[in-house]
Amino acid sequence: MEKFRDLKYSFVEDFKNNNTWEVGGKIKAPTIILVGDRDENVTIKEAQKFSSLVENCKLEIFPGADHYFSKPEDFQKMIQDVVDFVVSHK
């Protein structure tokens, strides 16, 4: 649990008490999942699996991006994709 030390307790408890794969099928709101192909925490396979469980989901894979979208160009594109997604679903 050391890696969770900066997270709020409720987030960690929710994470421990919920099965991600079961929760995915319950999401009904339009959803976007953004993942980099160099993500150290979430694999593309995991993102694809989860996105297939969510009824109305768009999956965006960013070539060369890490989990935090550390490169400015990746971060900018990620922000723009989120804005475009939100605007298209208002």
# chains A, B, ... in the order shown; residues from 1 in each chain; ligands from 1
>>> residues_around(residues="Leu59 of chain A", least_positions_apart="2", cutoff="9 Å", atoms="only C-alpha atoms", output="list in words")
Thr31, Ile32, Ile33, Leu34, Val35, Ala47, Gln48, Ser51, Cys57 and Ile61 of chain A
>>> residues_around(residues="Asp66 of chain A", least_positions_apart="3", cutoff="12 Å", atoms="only C-alpha atoms", output="JSON, numbers by chain")
{"A": [34, 35, 36, 37, 38, 39, 40, 41, 42, 43, 44, 61, 62, 63, 69, 70, 71, 72, 73, 74, 75, 78]}
>>> write_last_selection(atoms="N, CA and C atoms", output="PDB file, in the first residue's frame")
ATOM      1  N   LEU A  34      -8.233   7.086 -22.175  1.00  0.00           N
ATOM      2  CA  LEU A  34      -7.022   7.538 -22.845  1.00  0.00           C
ATOM      3  C   LEU A  34      -5.854   6.767 -22.266  1.00  0.00           C
ATOM      4  N   VAL A  35      -5.090   6.132 -23.122  1.00  0.00           N
ATOM      5  CA  VAL A  35      -3.962   5.332 -22.650  1.00  0.00           C
ATOM      6  C   VAL A  35      -2.790   5.503 -23.622  1.00  0.00           C
ATOM      7  N   GLY A  36      -1.607   5.601 -23.048  1.00  0.00           N
ATOM      8  CA  GLY A  36      -0.411   5.665 -23.881  1.00  0.00           C
ATOM      9  C   GLY A  36       0.142   4.271 -24.105  1.00  0.00           C
ATOM     10  N   ASP A  37       0.750   4.051 -25.243  1.00  0.00           N
ATOM     11  CA  ASP A  37       1.308   2.719 -25.502  1.00  0.00           C
ATOM     12  C   ASP A  37       2.600   2.471 -24.722  1.00  0.00           C
ATOM     13  N   ARG A  38       3.029   3.485 -23.966  1.00  0.00           N
ATOM     14  CA  ARG A  38       4.179   3.310 -23.055  1.00  0.00           C
ATOM     15  C   ARG A  38       3.761   3.500 -21.601  1.00  0.00           C
ATOM     16  N   ASP A  39       2.477   3.311 -21.358  1.00  0.00           N
ATOM     17  CA  ASP A  39       1.933   3.446 -20.005  1.00  0.00           C
ATOM     18  C   ASP A  39       2.526   2.353 -19.120  1.00  0.00           C
ATOM     19  N   GLU A  40       3.051   2.759 -17.958  1.00  0.00           N
ATOM     20  CA  GLU A  40       3.687   1.822 -17.036  1.00  0.00           C
ATOM     21  C   GLU A  40       2.674   1.175 -16.092  1.00  0.00           C
ATOM     22  N   ASN A  41       1.452   1.713 -16.054  1.00  0.00           N
ATOM     23  CA  ASN A  41       0.453   1.245 -15.089  1.00  0.00           C
ATOM     24  C   ASN A  41      -0.723   0.507 -15.727  1.00  0.00           C
ATOM     25  N   VAL A  42      -1.101   0.898 -16.912  1.00  0.00           N
ATOM     26  CA  VAL A  42      -2.256   0.297 -17.597  1.00  0.00           C
ATOM     27  C   VAL A  42      -1.802  -0.162 -18.976  1.00  0.00           C
ATOM     28  N   THR A  43      -1.961  -1.441 -19.252  1.00  0.00           N
ATOM     29  CA  THR A  43      -1.568  -1.940 -20.569  1.00  0.00           C
ATOM     30  C   THR A  43      -2.669  -1.633 -21.582  1.00  0.00           C
ATOM     31  N   ILE A  44      -2.297  -1.634 -22.838  1.00  0.00           N
ATOM     32  CA  ILE A  44      -3.287  -1.432 -23.898  1.00  0.00           C
ATOM     33  C   ILE A  44      -4.318  -2.551 -23.854  1.00  0.00           C
ATOM     34  N   ILE A  61      -5.699   5.555 -28.026  1.00  0.00           N
ATOM     35  CA  ILE A  61      -4.346   5.083 -27.721  1.00  0.00           C
ATOM     36  C   ILE A  61      -3.345   6.092 -28.276  1.00  0.00           C
ATOM     37  N   PHE A  62      -2.468   6.559 -27.404  1.00  0.00           N
ATOM     38  CA  PHE A  62      -1.485   7.569 -27.767  1.00  0.00           C
ATOM     39  C   PHE A  62      -0.122   6.918 -27.983  1.00  0.00           C
ATOM     40  N   PRO A  63       0.350   6.880 -29.218  1.00  0.00           N
ATOM     41  CA  PRO A  63       1.681   6.319 -29.472  1.00  0.00           C
ATOM     42  C   PRO A  63       2.764   7.109 -28.728  1.00  0.00           C
ATOM     43  N   PHE A  69       1.162  11.221 -19.459  1.00  0.00           N
ATOM     44  CA  PHE A  69       1.206  12.087 -20.644  1.00  0.00           C
ATOM     45  C   PHE A  69       2.251  13.173 -20.407  1.00  0.00           C
ATOM     46  N   SER A  70       3.451  12.727 -20.046  1.00  0.00           N
ATOM     47  CA  SER A  70       4.529  13.617 -19.607  1.00  0.00           C
ATOM     48  C   SER A  70       5.048  14.547 -20.695  1.00  0.00           C
ATOM     49  N   LYS A  71       5.044  14.086 -21.928  1.00  0.00           N
ATOM     50  CA  LYS A  71       5.524  14.960 -23.006  1.00  0.00           C
ATOM     51  C   LYS A  71       4.459  16.023 -23.281  1.00  0.00           C
ATOM     52  N   PRO A  72       4.880  17.286 -23.409  1.00  0.00           N
ATOM     53  CA  PRO A  72       3.909  18.372 -23.621  1.00  0.00           C
ATOM     54  C   PRO A  72       2.948  18.123 -24.785  1.00  0.00           C
ATOM     55  N   GLU A  73       3.451  17.574 -25.862  1.00  0.00           N
ATOM     56  CA  GLU A  73       2.573  17.337 -27.017  1.00  0.00           C
ATOM     57  C   GLU A  73       1.526  16.256 -26.724  1.00  0.00           C
ATOM     58  N   ASP A  74       1.896  15.244 -25.956  1.00  0.00           N
ATOM     59  CA  ASP A  74       0.931  14.213 -25.550  1.00  0.00           C
ATOM     60  C   ASP A  74      -0.112  14.806 -24.606  1.00  0.00           C
ATOM     61  N   PHE A  75       0.361  15.612 -23.672  1.00  0.00           N
ATOM     62  CA  PHE A  75      -0.545  16.226 -22.705  1.00  0.00           C
ATOM     63  C   PHE A  75      -1.544  17.139 -23.424  1.00  0.00           C
ATOM     64  N   MET A  78      -4.069  15.053 -25.301  1.00  0.00           N
ATOM     65  CA  MET A  78      -4.973  14.404 -24.357  1.00  0.00           C
ATOM     66  C   MET A  78      -6.038  15.391 -23.883  1.00  0.00           C
TER      67      MET A  78
END
>>> residues_around(residues="Lys26 of chain A", least_positions_apart="5", cutoff="10 Å", atoms="only C-alpha atoms", output="list in words")
Trp21, Leu53, Val54 and Glu55 of chain A
>>> select_by_dssp(residues="chain A", states="alpha helix (DSSP H)", output="PyMOL selection string")
chain A and resi 9-17+20-24+44-53+72-88
>>> write_last_selection(atoms="C-alpha atoms", output="mmCIF file, in the first residue's frame")
data_model
loop_
_atom_site.group_PDB
_atom_site.id
_atom_site.type_symbol
_atom_site.label_atom_id
_atom_site.label_comp_id
_atom_site.auth_asym_id
_atom_site.auth_seq_id
_atom_site.Cartn_x
_atom_site.Cartn_y
_atom_site.Cartn_z
ATOM 1 C CA TYR A 9 -8.377 6.750 1.947
ATOM 2 C CA SER A 10 -11.798 6.426 0.266
ATOM 3 C CA PHE A 11 -10.181 5.970 -3.150
ATOM 4 C CA VAL A 12 -7.941 3.195 -1.881
ATOM 5 C CA GLU A 13 -10.866 1.487 -0.136
ATOM 6 C CA ASP A 14 -13.008 1.689 -3.287
ATOM 7 C CA PHE A 15 -10.130 0.274 -5.298
ATOM 8 C CA LYS A 16 -9.686 -2.655 -2.918
ATOM 9 C CA ASN A 17 -13.415 -3.370 -2.633
ATOM 10 C CA THR A 20 -12.819 -3.305 -12.071
ATOM 11 C CA TRP A 21 -14.153 -5.732 -14.657
ATOM 12 C CA GLU A 22 -17.551 -5.973 -12.927
ATOM 13 C CA VAL A 23 -17.841 -2.206 -12.540
ATOM 14 C CA GLY A 24 -17.131 -1.564 -16.224
ATOM 15 C CA ILE A 44 -3.287 -1.432 -23.898
ATOM 16 C CA LYS A 45 -4.795 -4.885 -23.507
ATOM 17 C CA GLU A 46 -6.324 -3.868 -20.145
ATOM 18 C CA ALA A 47 -7.659 -0.610 -21.606
ATOM 19 C CA GLN A 48 -9.147 -2.484 -24.571
ATOM 20 C CA LYS A 49 -10.765 -5.048 -22.293
ATOM 21 C CA PHE A 50 -12.236 -2.404 -19.999
ATOM 22 C CA SER A 51 -13.464 -0.248 -22.886
ATOM 23 C CA SER A 52 -15.248 -3.263 -24.361
ATOM 24 C CA LEU A 53 -17.217 -3.609 -21.105
ATOM 25 C CA PRO A 72 3.909 18.372 -23.621
ATOM 26 C CA GLU A 73 2.573 17.337 -27.017
ATOM 27 C CA ASP A 74 0.931 14.213 -25.550
ATOM 28 C CA PHE A 75 -0.545 16.226 -22.705
ATOM 29 C CA GLN A 76 -1.943 18.865 -25.078
ATOM 30 C CA LYS A 77 -3.507 16.235 -27.352
ATOM 31 C CA MET A 78 -4.973 14.404 -24.357
ATOM 32 C CA ILE A 79 -6.556 17.616 -23.040
ATOM 33 C CA GLN A 80 -7.928 18.469 -26.476
ATOM 34 C CA ASP A 81 -9.376 14.974 -26.894
ATOM 35 C CA VAL A 82 -11.100 15.219 -23.515
ATOM 36 C CA VAL A 83 -12.504 18.673 -24.333
ATOM 37 C CA ASP A 84 -13.731 17.477 -27.746
ATOM 38 C CA PHE A 85 -15.327 14.410 -26.145
ATOM 39 C CA VAL A 86 -17.097 16.432 -23.453
ATOM 40 C CA VAL A 87 -18.331 19.036 -25.937
ATOM 41 C CA SER A 88 -19.652 16.336 -28.274
#
>>> select_by_dssp(residues="chain A", states="strand (DSSP E)", output="PyMOL selection string")
chain A and resi 31-36+57-62
